[in-house]
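Shown next: start33.tsv, containing TSV, N, CA and C atoms.
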```tsv
chain	number	residue	atom	x	y	z
A	62	MET	N	171.85	213.54	-69.34
A	62	MET	CA	170.59	213.34	-70.00
A	62	MET	C	170.38	211.84	-70.16
A	63	VAL	N	169.19	211.36	-69.80
A	63	VAL	CA	168.84	209.96	-69.90
A	63	VAL	C	167.83	209.81	-71.03
A	64	ILE	N	168.01	208.79	-71.82
A	64	ILE	CA	167.05	208.54	-72.91
A	64	ILE	C	166.34	207.25	-72.59
A	65	ARG	N	165.00	207.32	-72.57
A	65	ARG	CA	164.17	206.14	-72.31
A	65	ARG	C	163.34	205.83	-73.53
A	66	GLU	N	163.24	204.57	-73.81
A	66	GLU	CA	162.38	204.17	-74.92
A	66	GLU	C	161.64	202.91	-74.49
A	67	THR	N	160.34	202.92	-74.64
A	67	THR	CA	159.54	201.76	-74.30
A	67	THR	C	159.06	201.11	-75.59
A	68	PRO	N	158.72	199.83	-75.54
A	68	PRO	CA	158.25	199.16	-76.75
A	68	PRO	C	157.02	199.82	-77.37
A	69	GLN	N	156.19	200.47	-76.53
A	69	GLN	CA	154.98	201.11	-77.04
A	69	GLN	C	155.28	202.43	-77.75
A	70	GLN	N	156.45	202.98	-77.51
A	70	GLN	CA	156.79	204.27	-78.12
A	70	GLN	C	157.57	204.06	-79.41
A	71	THR	N	157.29	204.88	-80.37
A	71	THR	CA	158.07	204.83	-81.60
A	71	THR	C	159.12	205.92	-81.62
A	72	LYS	N	158.96	206.93	-80.78
A	72	LYS	CA	159.98	207.95	-80.71
A	72	LYS	C	160.60	207.95	-79.31
A	73	THR	N	161.76	208.51	-79.20
A	73	THR	CA	162.51	208.52	-77.96
A	73	THR	C	162.13	209.72	-77.12
A	74	GLN	N	161.98	209.48	-75.81
A	74	GLN	CA	161.66	210.55	-74.88
A	74	GLN	C	162.94	210.92	-74.15
A	75	LYS	N	163.33	212.18	-74.18
A	75	LYS	CA	164.53	212.64	-73.49
A	75	LYS	C	164.13	213.24	-72.15
A	76	ILE	N	164.86	212.85	-71.11
A	76	ILE	CA	164.58	213.36	-69.78
A	76	ILE	C	165.85	214.00	-69.25
A	77	ASP	N	165.75	215.27	-68.89
A	77	ASP	CA	166.88	215.99	-68.34
A	77	ASP	C	166.86	215.80	-66.83
A	78	LYS	N	167.86	215.08	-66.29
A	78	LYS	CA	167.91	214.78	-64.86
A	78	LYS	C	168.69	215.82	-64.07
A	79	SER	N	169.19	216.86	-64.70
A	79	SER	CA	169.96	217.86	-63.98
A	79	SER	C	169.08	218.75	-63.12
A	80	THR	N	167.81	218.88	-63.46
A	80	THR	CA	166.87	219.69	-62.70
A	80	THR	C	165.72	218.80	-62.26
A	81	PRO	N	165.35	218.83	-60.95
A	81	PRO	CA	164.23	218.01	-60.52
A	81	PRO	C	162.98	218.31	-61.34
A	82	GLN	N	162.26	217.25	-61.68
A	82	GLN	CA	161.04	217.38	-62.45
A	82	GLN	C	159.89	217.76	-61.52
A	83	THR	N	159.06	218.66	-61.95
A	83	THR	CA	157.88	219.04	-61.20
A	83	THR	C	156.67	218.55	-61.97
A	84	PRO	N	155.88	217.69	-61.34
A	84	PRO	CA	154.72	217.16	-62.06
A	84	PRO	C	153.67	218.25	-62.28
A	85	SER	N	152.89	218.09	-63.36
A	85	SER	CA	151.84	219.06	-63.63
A	85	SER	C	150.71	218.93	-62.60
A	86	GLN	N	150.57	217.75	-62.00
A	86	GLN	CA	149.59	217.52	-60.96
A	86	GLN	C	150.32	216.91	-59.76
A	87	PRO	N	149.83	217.16	-58.55
A	87	PRO	CA	150.47	216.52	-57.40
A	87	PRO	C	150.33	215.00	-57.50
A	88	PRO	N	151.33	214.26	-57.02
A	88	PRO	CA	151.24	212.80	-57.09
A	88	PRO	C	150.07	212.30	-56.26
A	89	GLN	N	149.37	211.31	-56.77
A	89	GLN	CA	148.19	210.78	-56.12
A	89	GLN	C	148.44	209.43	-55.45
A	90	THR	N	149.20	208.58	-56.10
A	90	THR	CA	149.43	207.24	-55.57
A	90	THR	C	150.77	207.19	-54.84
A	91	ASN	N	150.93	206.18	-54.01
A	91	ASN	CA	152.21	206.01	-53.33
A	91	ASN	C	153.33	205.80	-54.33
A	92	PHE	N	153.06	205.07	-55.40
A	92	PHE	CA	154.08	204.87	-56.44
A	92	PHE	C	154.53	206.22	-57.01
A	93	GLN	N	153.59	207.10	-57.29
A	93	GLN	CA	153.93	208.42	-57.82
A	93	GLN	C	154.71	209.24	-56.81
A	94	LYS	N	154.34	209.14	-55.53
A	94	LYS	CA	155.06	209.88	-54.48
A	94	LYS	C	156.50	209.37	-54.36
A	95	ILE	N	156.67	208.07	-54.42
A	95	ILE	CA	158.01	207.48	-54.34
A	95	ILE	C	158.83	207.87	-55.56
A	96	GLU	N	158.22	207.81	-56.72
A	96	GLU	CA	158.91	208.19	-57.95
A	96	GLU	C	159.36	209.65	-57.89
A	97	LEU	N	158.49	210.52	-57.40
A	97	LEU	CA	158.83	211.94	-57.27
A	97	LEU	C	159.95	212.13	-56.25
A	98	TYR	N	159.90	211.40	-55.15
A	98	TYR	CA	160.95	211.50	-54.12
A	98	TYR	C	162.30	211.11	-54.72
A	99	ILE	N	162.34	210.00	-55.44
A	99	ILE	CA	163.59	209.55	-56.05
A	99	ILE	C	164.09	210.56	-57.07
A	100	THR	N	163.20	211.06	-57.91
A	100	THR	CA	163.59	212.06	-58.91
A	100	THR	C	164.13	213.31	-58.25
A	101	THR	N	163.50	213.73	-57.17
A	101	THR	CA	163.88	214.98	-56.50
A	101	THR	C	165.20	214.85	-55.74
A	102	TYR	N	165.42	213.72	-55.07
A	102	TYR	CA	166.54	213.62	-54.15
A	102	TYR	C	167.66	212.68	-54.58
A	103	SER	N	167.54	212.03	-55.72
A	103	SER	CA	168.57	211.06	-56.11
A	103	SER	C	169.94	211.70	-56.31
A	104	SER	N	169.99	212.91	-56.84
A	104	SER	CA	171.30	213.54	-57.05
A	104	SER	C	171.99	213.82	-55.72
A	105	ILE	N	171.24	214.18	-54.70
A	105	ILE	CA	171.82	214.39	-53.37
A	105	ILE	C	172.32	213.07	-52.81
A	106	ALA	N	171.52	212.02	-52.94
A	106	ALA	CA	171.90	210.70	-52.42
A	106	ALA	C	173.14	210.17	-53.11
A	107	VAL	N	173.26	210.39	-54.41
A	107	VAL	CA	174.45	209.95	-55.16
A	107	VAL	C	175.68	210.73	-54.69
A	108	SER	N	175.52	212.01	-54.50
A	108	SER	CA	176.63	212.84	-54.01
A	108	SER	C	177.10	212.36	-52.64
A	109	GLU	N	176.16	212.05	-51.76
A	109	GLU	CA	176.50	211.53	-50.43
A	109	GLU	C	177.18	210.17	-50.54
A	110	MET	N	176.73	209.34	-51.46
A	110	MET	CA	177.34	208.03	-51.68
A	110	MET	C	178.80	208.18	-52.10
A	111	GLU	N	179.05	209.11	-52.99
A	111	GLU	CA	180.41	209.33	-53.48
A	111	GLU	C	181.34	209.80	-52.37
A	112	GLU	N	180.81	210.57	-51.44
A	112	GLU	CA	181.66	211.09	-50.37
A	112	GLU	C	181.75	210.15	-49.16
A	113	PHE	N	180.65	209.46	-48.83
A	113	PHE	CA	180.62	208.68	-47.59
A	113	PHE	C	180.51	207.17	-47.79
A	114	GLY	N	180.25	206.72	-49.02
A	114	GLY	CA	180.20	205.29	-49.30
A	114	GLY	C	178.90	204.59	-48.94
A	115	ILE	N	177.89	205.34	-48.57
A	115	ILE	CA	176.59	204.73	-48.27
A	115	ILE	C	175.82	204.64	-49.58
A	116	PRO	N	175.39	203.44	-49.98
A	116	PRO	CA	174.68	203.31	-51.26
A	116	PRO	C	173.48	204.27	-51.35
A	117	ALA	N	173.39	204.97	-52.46
A	117	ALA	CA	172.30	205.92	-52.67
A	117	ALA	C	170.94	205.24	-52.55
A	118	SER	N	170.84	204.01	-53.00
A	118	SER	CA	169.57	203.29	-52.92
A	118	SER	C	169.14	203.09	-51.47
A	119	ILE	N	170.10	202.83	-50.59
A	119	ILE	CA	169.79	202.64	-49.17
A	119	ILE	C	169.36	203.97	-48.56
A	120	THR	N	170.08	205.04	-48.87
A	120	THR	CA	169.73	206.36	-48.35
A	120	THR	C	168.33	206.76	-48.82
A	121	LEU	N	168.05	206.58	-50.10
A	121	LEU	CA	166.73	206.94	-50.62
A	121	LEU	C	165.64	206.08	-49.99
A	122	ALA	N	165.89	204.78	-49.85
A	122	ALA	CA	164.88	203.90	-49.24
A	122	ALA	C	164.58	204.32	-47.81
A	123	GLN	N	165.62	204.64	-47.04
A	123	GLN	CA	165.38	205.07	-45.67
A	123	GLN	C	164.67	206.42	-45.64
A	124	GLY	N	165.05	207.33	-46.55
A	124	GLY	CA	164.38	208.62	-46.62
A	124	GLY	C	162.91	208.48	-46.97
A	125	ILE	N	162.61	207.60	-47.91
A	125	ILE	CA	161.22	207.35	-48.30
A	125	ILE	C	160.42	206.84	-47.11
A	126	LEU	N	161.00	205.88	-46.40
A	126	LEU	CA	160.31	205.29	-45.26
A	126	LEU	C	160.15	206.30	-44.12
A	127	GLU	N	161.24	206.93	-43.71
A	127	GLU	CA	161.21	207.82	-42.55
A	127	GLU	C	160.42	209.10	-42.80
A	128	SER	N	160.40	209.58	-44.03
A	128	SER	CA	159.72	210.86	-44.31
A	128	SER	C	158.31	210.67	-44.89
A	129	SER	N	157.85	209.43	-44.90
A	129	SER	CA	156.54	209.13	-45.52
A	129	SER	C	156.51	209.66	-46.95
A	130	MET	N	157.55	209.28	-47.71
A	130	MET	CA	157.67	209.65	-49.12
A	130	MET	C	157.82	211.15	-49.33
A	131	GLY	N	158.38	211.82	-48.31
A	131	GLY	CA	158.61	213.25	-48.40
A	131	GLY	C	157.44	214.11	-48.00
A	132	VAL	N	156.34	213.51	-47.58
A	132	VAL	CA	155.15	214.29	-47.24
A	132	VAL	C	154.84	214.28	-45.75
A	133	GLY	N	155.67	213.60	-44.95
A	133	GLY	CA	155.48	213.58	-43.51
A	133	GLY	C	155.78	214.93	-42.88
A	134	ARG	N	155.29	215.13	-41.70
A	134	ARG	CA	155.44	216.42	-41.02
A	134	ARG	C	156.89	216.83	-40.84
A	135	LEU	N	157.74	215.92	-40.40
A	135	LEU	CA	159.15	216.28	-40.17
A	135	LEU	C	159.83	216.70	-41.47
A	136	ALA	N	159.52	216.03	-42.57
A	136	ALA	CA	160.11	216.39	-43.87
A	136	ALA	C	159.58	217.75	-44.33
A	137	ARG	N	158.28	217.96	-44.20
A	137	ARG	CA	157.67	219.21	-44.67
A	137	ARG	C	158.04	220.41	-43.82
A	138	GLU	N	158.00	220.27	-42.51
A	138	GLU	CA	158.18	221.42	-41.63
A	138	GLU	C	159.61	221.58	-41.12
A	139	ALA	N	160.42	220.52	-41.17
A	139	ALA	CA	161.76	220.59	-40.58
A	139	ALA	C	162.86	220.13	-41.54
A	140	ASN	N	162.50	219.77	-42.77
A	140	ASN	CA	163.46	219.22	-43.72
A	140	ASN	C	164.21	218.02	-43.15
A	141	ASN	N	163.61	217.33	-42.20
A	141	ASN	CA	164.21	216.17	-41.56
A	141	ASN	C	163.65	214.92	-42.24
A	142	HIS	N	164.44	214.35	-43.15
A	142	HIS	CA	163.98	213.21	-43.95
A	142	HIS	C	164.29	211.87	-43.31
A	143	PHE	N	165.02	211.85	-42.20
A	143	PHE	CA	165.47	210.59	-41.62
A	143	PHE	C	165.06	210.41	-40.17
A	144	GLY	N	164.24	211.31	-39.65
A	144	GLY	CA	163.77	211.18	-38.28
A	144	GLY	C	164.89	211.26	-37.26
A	145	ILE	N	165.90	212.09	-37.54
A	145	ILE	CA	167.03	212.21	-36.62
A	145	ILE	C	166.61	213.11	-35.45
A	146	LYS	N	166.75	212.55	-34.25
A	146	LYS	CA	166.36	213.26	-33.04
A	146	LYS	C	167.47	214.21	-32.61
A	147	CYS	N	167.13	215.09	-31.68
A	147	CYS	CA	168.07	216.13	-31.23
A	147	CYS	C	169.32	215.53	-30.59
A	148	HIS	N	169.18	214.57	-29.70
A	148	HIS	CA	170.32	214.00	-28.97
A	148	HIS	C	171.09	215.10	-28.26
A	149	SER	N	171.95	214.72	-27.36
A	149	SER	CA	172.75	215.72	-26.64
A	149	SER	C	173.75	216.34	-27.60
A	150	GLY	N	174.01	217.59	-27.40
A	150	GLY	CA	174.98	218.28	-28.26
A	150	GLY	C	174.36	218.96	-29.47
A	151	TRP	N	173.08	218.74	-29.75
A	151	TRP	CA	172.44	219.42	-30.88
A	151	TRP	C	172.10	220.84	-30.46
A	152	ASN	N	172.66	221.81	-31.16
A	152	ASN	CA	172.44	223.22	-30.83
A	152	ASN	C	171.58	223.94	-31.86
A	153	GLY	N	171.12	223.21	-32.87
A	153	GLY	CA	170.32	223.82	-33.92
A	153	GLY	C	168.86	223.95	-33.53
A	154	LYS	N	168.06	224.35	-34.51
A	154	LYS	CA	166.61	224.50	-34.29
A	154	LYS	C	166.01	223.13	-34.01
A	155	ARG	N	164.86	223.16	-33.36
A	155	ARG	CA	164.19	221.94	-32.92
A	155	ARG	C	162.71	221.96	-33.29
A	156	ILE	N	162.16	220.77	-33.45
A	156	ILE	CA	160.73	220.60	-33.62
A	156	ILE	C	160.33	219.43	-32.74
A	157	TYR	N	159.16	219.52	-32.14
A	157	TYR	CA	158.70	218.46	-31.24
A	157	TYR	C	157.59	217.68	-31.93
A	158	HIS	N	157.72	216.36	-31.83
A	158	HIS	CA	156.84	215.47	-32.59
A	158	HIS	C	156.67	214.17	-31.81
A	159	ASP	N	155.47	213.62	-31.84
A	159	ASP	CA	155.23	212.34	-31.16
A	159	ASP	C	155.84	211.22	-31.99
A	160	ASP	N	156.66	210.40	-31.35
A	160	ASP	CA	157.29	209.26	-32.01
A	160	ASP	C	157.18	208.07	-31.05
A	161	ASP	N	158.30	207.55	-30.57
A	161	ASP	CA	158.24	206.48	-29.58
A	161	ASP	C	157.59	207.00	-28.31
A	162	GLU	N	157.85	208.26	-28.00
A	162	GLU	CA	157.24	208.92	-26.85
A	162	GLU	C	156.59	210.22	-27.33
A	163	LYS	N	155.74	210.76	-26.51
A	163	LYS	CA	155.04	212.00	-26.85
A	163	LYS	C	156.01	213.18	-26.78
A	164	GLY	N	155.95	214.05	-27.78
A	164	GLY	CA	156.71	215.30	-27.77
A	164	GLY	C	158.22	215.15	-27.83
A	165	GLU	N	158.71	214.23	-28.62
A	165	GLU	CA	160.15	214.05	-28.73
A	165	GLU	C	160.78	215.16	-29.58
A	166	CYS	N	162.05	215.44	-29.31
A	166	CYS	CA	162.77	216.51	-29.98
A	166	CYS	C	163.47	215.98	-31.24
A	167	PHE	N	163.21	216.66	-32.37
A	167	PHE	CA	163.84	216.30	-33.64
A	167	PHE	C	164.60	217.51	-34.20
A	168	ARG	N	165.63	217.22	-34.97
A	168	ARG	CA	166.44	218.27	-35.57
A	168	ARG	C	165.70	218.94	-36.72
A	169	VAL	N	165.92	220.24	-36.85
A	169	VAL	CA	165.38	221.02	-37.97
A	169	VAL	C	166.57	221.41	-38.85
A	170	TYR	N	166.42	221.23	-40.16
A	170	TYR	CA	167.48	221.55	-41.11
A	170	TYR	C	167.04	222.68	-42.03
A	171	GLN	N	168.01	223.45	-42.50
A	171	GLN	CA	167.72	224.54	-43.43
A	171	GLN	C	167.21	223.99	-44.76
A	172	THR	N	167.79	222.87	-45.20
A	172	THR	CA	167.45	222.30	-46.51
A	172	THR	C	167.41	220.78	-46.40
A	173	PRO	N	166.74	220.12	-47.33
A	173	PRO	CA	166.80	218.65	-47.36
A	173	PRO	C	168.25	218.15	-47.52
A	174	LYS	N	169.06	218.87	-48.30
A	174	LYS	CA	170.45	218.46	-48.49
A	174	LYS	C	171.19	218.39	-47.16
A	175	ALA	N	170.93	219.34	-46.27
A	175	ALA	CA	171.56	219.32	-44.95
A	175	ALA	C	171.12	218.09	-44.15
A	176	SER	N	169.87	217.69	-44.32
A	176	SER	CA	169.37	216.48	-43.66
A	176	SER	C	170.09	215.24	-44.19
A	177	PHE	N	170.26	215.17	-45.51
A	177	PHE	CA	170.96	214.04	-46.12
A	177	PHE	C	172.41	214.00	-45.63
A	178	ARG	N	173.06	215.17	-45.51
A	178	ARG	CA	174.44	215.21	-45.04
A	178	ARG	C	174.53	214.74	-43.60
A	179	ASP	N	173.63	215.22	-42.75
A	179	ASP	CA	173.66	214.82	-41.35
A	179	ASP	C	173.43	213.32	-41.22
A	180	HIS	N	172.57	212.78	-42.05
A	180	HIS	CA	172.31	211.34	-42.07
A	180	HIS	C	173.59	210.58	-42.41
A	181	SER	N	174.33	211.03	-43.41
A	181	SER	CA	175.58	210.38	-43.80
A	181	SER	C	176.60	210.43	-42.66
A	182	VAL	N	176.75	211.60	-42.07
A	182	VAL	CA	177.69	211.77	-40.97
A	182	VAL	C	177.25	210.91	-39.78
A	183	PHE	N	175.98	210.92	-39.51
A	183	PHE	CA	175.41	210.14	-38.41
A	183	PHE	C	175.75	208.66	-38.57
A	184	LEU	N	175.53	208.12	-39.76
A	184	LEU	CA	175.79	206.69	-39.99
A	184	LEU	C	177.28	206.36	-39.92
A	185	ASN	N	178.13	207.31	-40.28
A	185	ASN	CA	179.56	207.05	-40.30
A	185	ASN	C	180.25	207.32	-38.96
A	186	THR	N	179.59	208.02	-38.05
A	186	THR	CA	180.27	208.37	-36.81
A	186	THR	C	179.65	207.76	-35.56
A	187	ARG	N	178.42	207.34	-35.62
A	187	ARG	CA	177.76	206.78	-34.44
A	187	ARG	C	178.11	205.29	-34.35
A	188	SER	N	178.60	204.87	-33.19
A	188	SER	CA	179.02	203.49	-33.02
A	188	SER	C	177.86	202.52	-33.22
A	189	ARG	N	176.66	202.98	-32.94
A	189	ARG	CA	175.47	202.13	-33.11
A	189	ARG	C	175.27	201.74	-34.58
A	190	TYR	N	175.70	202.60	-35.51
A	190	TYR	CA	175.47	202.37	-36.94
A	190	TYR	C	176.74	202.05	-37.73
A	191	ALA	N	177.87	202.55	-37.27
A	191	ALA	CA	179.12	202.40	-38.05
A	191	ALA	C	179.62	200.96	-38.05
```
Could you write out this file's structure as structure tokens?
Amino acid sequence: MVIRETPQQTKTQKIDKSTPQTPSQPPQTNFQKIELYITTYSSIAVSEMEEFGIPASITLAQGILESSMGVGRLAREANNHFGIKCHSGWNGKRIYHDDDEKGECFRVYQTPKASFRDHSVFLNTRSRYA
């Protein structure tokens, strides 16, 4: 549980971070979308950081950028938050999306958590990134 207090407030606001917060209205501004993305996925990013050593802030920043704050097509339809392409050896589900070239193959994940895990493994095992 995190307690936040601002100078304008006279009472303390308690925020339970164990469950992702759902806004009463959809986020309208980019700041609100980013804030919602961080609130929703920070626990996954921290867990990945603890296991793989990649700073959660870096993982979240890349996820925000690559997934268009979680509202991009690959994030919405494929749970792919990092734009990871199929590459050789990928035997999972696929989605085709225009990127550097038209109709490129991207990985489809069951959950966003699986996307975050693949991203961690990808960064730790690919010579291009390791």
Please give the complete set of residues from stretch 87-187 of chain A that DSSP, run on the backbone, assigns to strand (DSSP E or B), formatted as a VMD selection string.
chain A and resid 146 155 to 158 165 to 168
Nearby residues, (160.2, 211.5, -39.1) file frame, 6 Å, all atoms listed in the file, as a ChimeraX atom specification:
/A:127-128,135-136,141-145
Show which residues sit within 12 Å of A:Arg178, as a list in words. Count only C-alpha atoms, and ignore same-chain residues fewer than 6 positions away.
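Neighbouring residues, sequence-local ones excluded: Ile105, Ala106, Val107, Ser108, Glu109, Met110, Glu111, Glu112, Phe113, Ile115, Thr120, Asn140, Asn141, His142, Phe143, Ile145, Tyr170, Gln171, Thr172, Leu184 and Asn185 of chain A.
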Just write the chosen residues, N, CA and C atoms, as a PDB file, in the frame of the given file.
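Okay, selection13.pdb is ready:
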```pdb
ATOM      1  N   ILE A 105     171.240 214.180 -54.700  1.00  0.00           N
ATOM      2  CA  ILE A 105     171.820 214.390 -53.370  1.00  0.00           C
ATOM      3  C   ILE A 105     172.320 213.070 -52.810  1.00  0.00           C
ATOM      4  N   ALA A 106     171.520 212.020 -52.940  1.00  0.00           N
ATOM      5  CA  ALA A 106     171.900 210.700 -52.420  1.00  0.00           C
ATOM      6  C   ALA A 106     173.140 210.170 -53.110  1.00  0.00           C
ATOM      7  N   VAL A 107     173.260 210.390 -54.410  1.00  0.00           N
ATOM      8  CA  VAL A 107     174.450 209.950 -55.160  1.00  0.00           C
ATOM      9  C   VAL A 107     175.680 210.730 -54.690  1.00  0.00           C
ATOM     10  N   SER A 108     175.520 212.010 -54.500  1.00  0.00           N
ATOM     11  CA  SER A 108     176.630 212.840 -54.010  1.00  0.00           C
ATOM     12  C   SER A 108     177.100 212.360 -52.640  1.00  0.00           C
ATOM     13  N   GLU A 109     176.160 212.050 -51.760  1.00  0.00           N
ATOM     14  CA  GLU A 109     176.500 211.530 -50.430  1.00  0.00           C
ATOM     15  C   GLU A 109     177.180 210.170 -50.540  1.00  0.00           C
ATOM     16  N   MET A 110     176.730 209.340 -51.460  1.00  0.00           N
ATOM     17  CA  MET A 110     177.340 208.030 -51.680  1.00  0.00           C
ATOM     18  C   MET A 110     178.800 208.180 -52.100  1.00  0.00           C
ATOM     19  N   GLU A 111     179.050 209.110 -52.990  1.00  0.00           N
ATOM     20  CA  GLU A 111     180.410 209.330 -53.480  1.00  0.00           C
ATOM     21  C   GLU A 111     181.340 209.800 -52.370  1.00  0.00           C
ATOM     22  N   GLU A 112     180.810 210.570 -51.440  1.00  0.00           N
ATOM     23  CA  GLU A 112     181.660 211.090 -50.370  1.00  0.00           C
ATOM     24  C   GLU A 112     181.750 210.150 -49.160  1.00  0.00           C
ATOM     25  N   PHE A 113     180.650 209.460 -48.830  1.00  0.00           N
ATOM     26  CA  PHE A 113     180.620 208.680 -47.590  1.00  0.00           C
ATOM     27  C   PHE A 113     180.510 207.170 -47.790  1.00  0.00           C
ATOM     28  N   ILE A 115     177.890 205.340 -48.570  1.00  0.00           N
ATOM     29  CA  ILE A 115     176.590 204.730 -48.270  1.00  0.00           C
ATOM     30  C   ILE A 115     175.820 204.640 -49.580  1.00  0.00           C
ATOM     31  N   THR A 120     170.080 205.040 -48.870  1.00  0.00           N
ATOM     32  CA  THR A 120     169.730 206.360 -48.350  1.00  0.00           C
ATOM     33  C   THR A 120     168.330 206.760 -48.820  1.00  0.00           C
ATOM     34  N   ASN A 140     162.500 219.770 -42.770  1.00  0.00           N
ATOM     35  CA  ASN A 140     163.460 219.220 -43.720  1.00  0.00           C
ATOM     36  C   ASN A 140     164.210 218.020 -43.150  1.00  0.00           C
ATOM     37  N   ASN A 141     163.610 217.330 -42.200  1.00  0.00           N
ATOM     38  CA  ASN A 141     164.210 216.170 -41.560  1.00  0.00           C
ATOM     39  C   ASN A 141     163.650 214.920 -42.240  1.00  0.00           C
ATOM     40  N   HIS A 142     164.440 214.350 -43.150  1.00  0.00           N
ATOM     41  CA  HIS A 142     163.980 213.210 -43.950  1.00  0.00           C
ATOM     42  C   HIS A 142     164.290 211.870 -43.310  1.00  0.00           C
ATOM     43  N   PHE A 143     165.020 211.850 -42.200  1.00  0.00           N
ATOM     44  CA  PHE A 143     165.470 210.590 -41.620  1.00  0.00           C
ATOM     45  C   PHE A 143     165.060 210.410 -40.170  1.00  0.00           C
ATOM     46  N   ILE A 145     165.900 212.090 -37.540  1.00  0.00           N
ATOM     47  CA  ILE A 145     167.030 212.210 -36.620  1.00  0.00           C
ATOM     48  C   ILE A 145     166.610 213.110 -35.450  1.00  0.00           C
ATOM     49  N   TYR A 170     166.420 221.230 -40.160  1.00  0.00           N
ATOM     50  CA  TYR A 170     167.480 221.550 -41.110  1.00  0.00           C
ATOM     51  C   TYR A 170     167.040 222.680 -42.030  1.00  0.00           C
ATOM     52  N   GLN A 171     168.010 223.450 -42.500  1.00  0.00           N
ATOM     53  CA  GLN A 171     167.720 224.540 -43.430  1.00  0.00           C
ATOM     54  C   GLN A 171     167.210 223.990 -44.760  1.00  0.00           C
ATOM     55  N   THR A 172     167.790 222.870 -45.200  1.00  0.00           N
ATOM     56  CA  THR A 172     167.450 222.300 -46.510  1.00  0.00           C
ATOM     57  C   THR A 172     167.410 220.780 -46.400  1.00  0.00           C
ATOM     58  N   LEU A 184     175.530 208.120 -39.760  1.00  0.00           N
ATOM     59  CA  LEU A 184     175.790 206.690 -39.990  1.00  0.00           C
ATOM     60  C   LEU A 184     177.280 206.360 -39.920  1.00  0.00           C
ATOM     61  N   ASN A 185     178.130 207.310 -40.280  1.00  0.00           N
ATOM     62  CA  ASN A 185     179.560 207.050 -40.300  1.00  0.00           C
ATOM     63  C   ASN A 185     180.250 207.320 -38.960  1.00  0.00           C
TER      64      ASN A 185
END
```
Take atom C of A:Tyr98 and atom C of A:Met130 and report the distance between them in Å, one decimal.
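According to the coordinates, atom C of A:Tyr98 and atom C of A:Met130 are separated by 7.0 Å.
Restricting the calculation to all atoms listed in the file, the smallest distance between A:Ser181 and any of A:Arg134, A:Tyr157, A:Gly114, A:Ala139 is found for A:Gly114.
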Interatomic distance (Å, one decimal) between atom CA of A:Ile156 and atom CA of A:Ala122:
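Result for atom CA of A:Ile156 versus atom CA of A:Ala122: 23.2 Å, one decimal.
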Point-to-point distance from atom CA of A:Asp179 to atom N of A:Cys147, Å rounded to tenths
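Pair atom CA of A:Asp179 / atom N of A:Cys147 returns 11.7 Å.
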Between A:Leu121, A:Gly131, A:Phe167, A:His180, single out the one closest to A:His148, counting all atoms listed in the file.
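Closest candidate: A:Phe167.
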Which of stretch 134-179 of chain A counts as alpha helix (DSSP H) under DSSP, as a PDB file with N, CA and C atoms, in the coordinates of the input please?
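New file selection36.pdb:
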```
ATOM      1  N   ARG A 134     155.290 215.130 -41.700  1.00  0.00           N
ATOM      2  CA  ARG A 134     155.440 216.420 -41.020  1.00  0.00           C
ATOM      3  C   ARG A 134     156.890 216.830 -40.840  1.00  0.00           C
ATOM      4  N   LEU A 135     157.740 215.920 -40.400  1.00  0.00           N
ATOM      5  CA  LEU A 135     159.150 216.280 -40.170  1.00  0.00           C
ATOM      6  C   LEU A 135     159.830 216.700 -41.470  1.00  0.00           C
ATOM      7  N   ALA A 136     159.520 216.030 -42.570  1.00  0.00           N
ATOM      8  CA  ALA A 136     160.110 216.390 -43.870  1.00  0.00           C
ATOM      9  C   ALA A 136     159.580 217.750 -44.330  1.00  0.00           C
ATOM     10  N   ARG A 137     158.280 217.960 -44.200  1.00  0.00           N
ATOM     11  CA  ARG A 137     157.670 219.210 -44.670  1.00  0.00           C
ATOM     12  C   ARG A 137     158.040 220.410 -43.820  1.00  0.00           C
ATOM     13  N   GLU A 138     158.000 220.270 -42.510  1.00  0.00           N
ATOM     14  CA  GLU A 138     158.180 221.420 -41.630  1.00  0.00           C
ATOM     15  C   GLU A 138     159.610 221.580 -41.120  1.00  0.00           C
ATOM     16  N   ALA A 139     160.420 220.520 -41.170  1.00  0.00           N
ATOM     17  CA  ALA A 139     161.760 220.590 -40.580  1.00  0.00           C
ATOM     18  C   ALA A 139     162.860 220.130 -41.540  1.00  0.00           C
ATOM     19  N   PRO A 173     166.740 220.120 -47.330  1.00  0.00           N
ATOM     20  CA  PRO A 173     166.800 218.650 -47.360  1.00  0.00           C
ATOM     21  C   PRO A 173     168.250 218.150 -47.520  1.00  0.00           C
ATOM     22  N   LYS A 174     169.060 218.870 -48.300  1.00  0.00           N
ATOM     23  CA  LYS A 174     170.450 218.460 -48.490  1.00  0.00           C
ATOM     24  C   LYS A 174     171.190 218.390 -47.160  1.00  0.00           C
ATOM     25  N   ALA A 175     170.930 219.340 -46.270  1.00  0.00           N
ATOM     26  CA  ALA A 175     171.560 219.320 -44.950  1.00  0.00           C
ATOM     27  C   ALA A 175     171.120 218.090 -44.150  1.00  0.00           C
ATOM     28  N   SER A 176     169.870 217.690 -44.320  1.00  0.00           N
ATOM     29  CA  SER A 176     169.370 216.480 -43.660  1.00  0.00           C
ATOM     30  C   SER A 176     170.090 215.240 -44.190  1.00  0.00           C
ATOM     31  N   PHE A 177     170.260 215.170 -45.510  1.00  0.00           N
ATOM     32  CA  PHE A 177     170.960 214.040 -46.120  1.00  0.00           C
ATOM     33  C   PHE A 177     172.410 214.000 -45.630  1.00  0.00           C
ATOM     34  N   ARG A 178     173.060 215.170 -45.510  1.00  0.00           N
ATOM     35  CA  ARG A 178     174.440 215.210 -45.040  1.00  0.00           C
ATOM     36  C   ARG A 178     174.530 214.740 -43.600  1.00  0.00           C
ATOM     37  N   ASP A 179     173.630 215.220 -42.750  1.00  0.00           N
ATOM     38  CA  ASP A 179     173.660 214.820 -41.350  1.00  0.00           C
ATOM     39  C   ASP A 179     173.430 213.320 -41.220  1.00  0.00           C
TER      40      ASP A 179
END
```
So which one's closest to A:Cys166, A:Phe183, A:Lys146, A:Thr101, A:Glu138? Using all atoms listed in the file, please.
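Result for the nearest residue to A:Cys166: A:Lys146.
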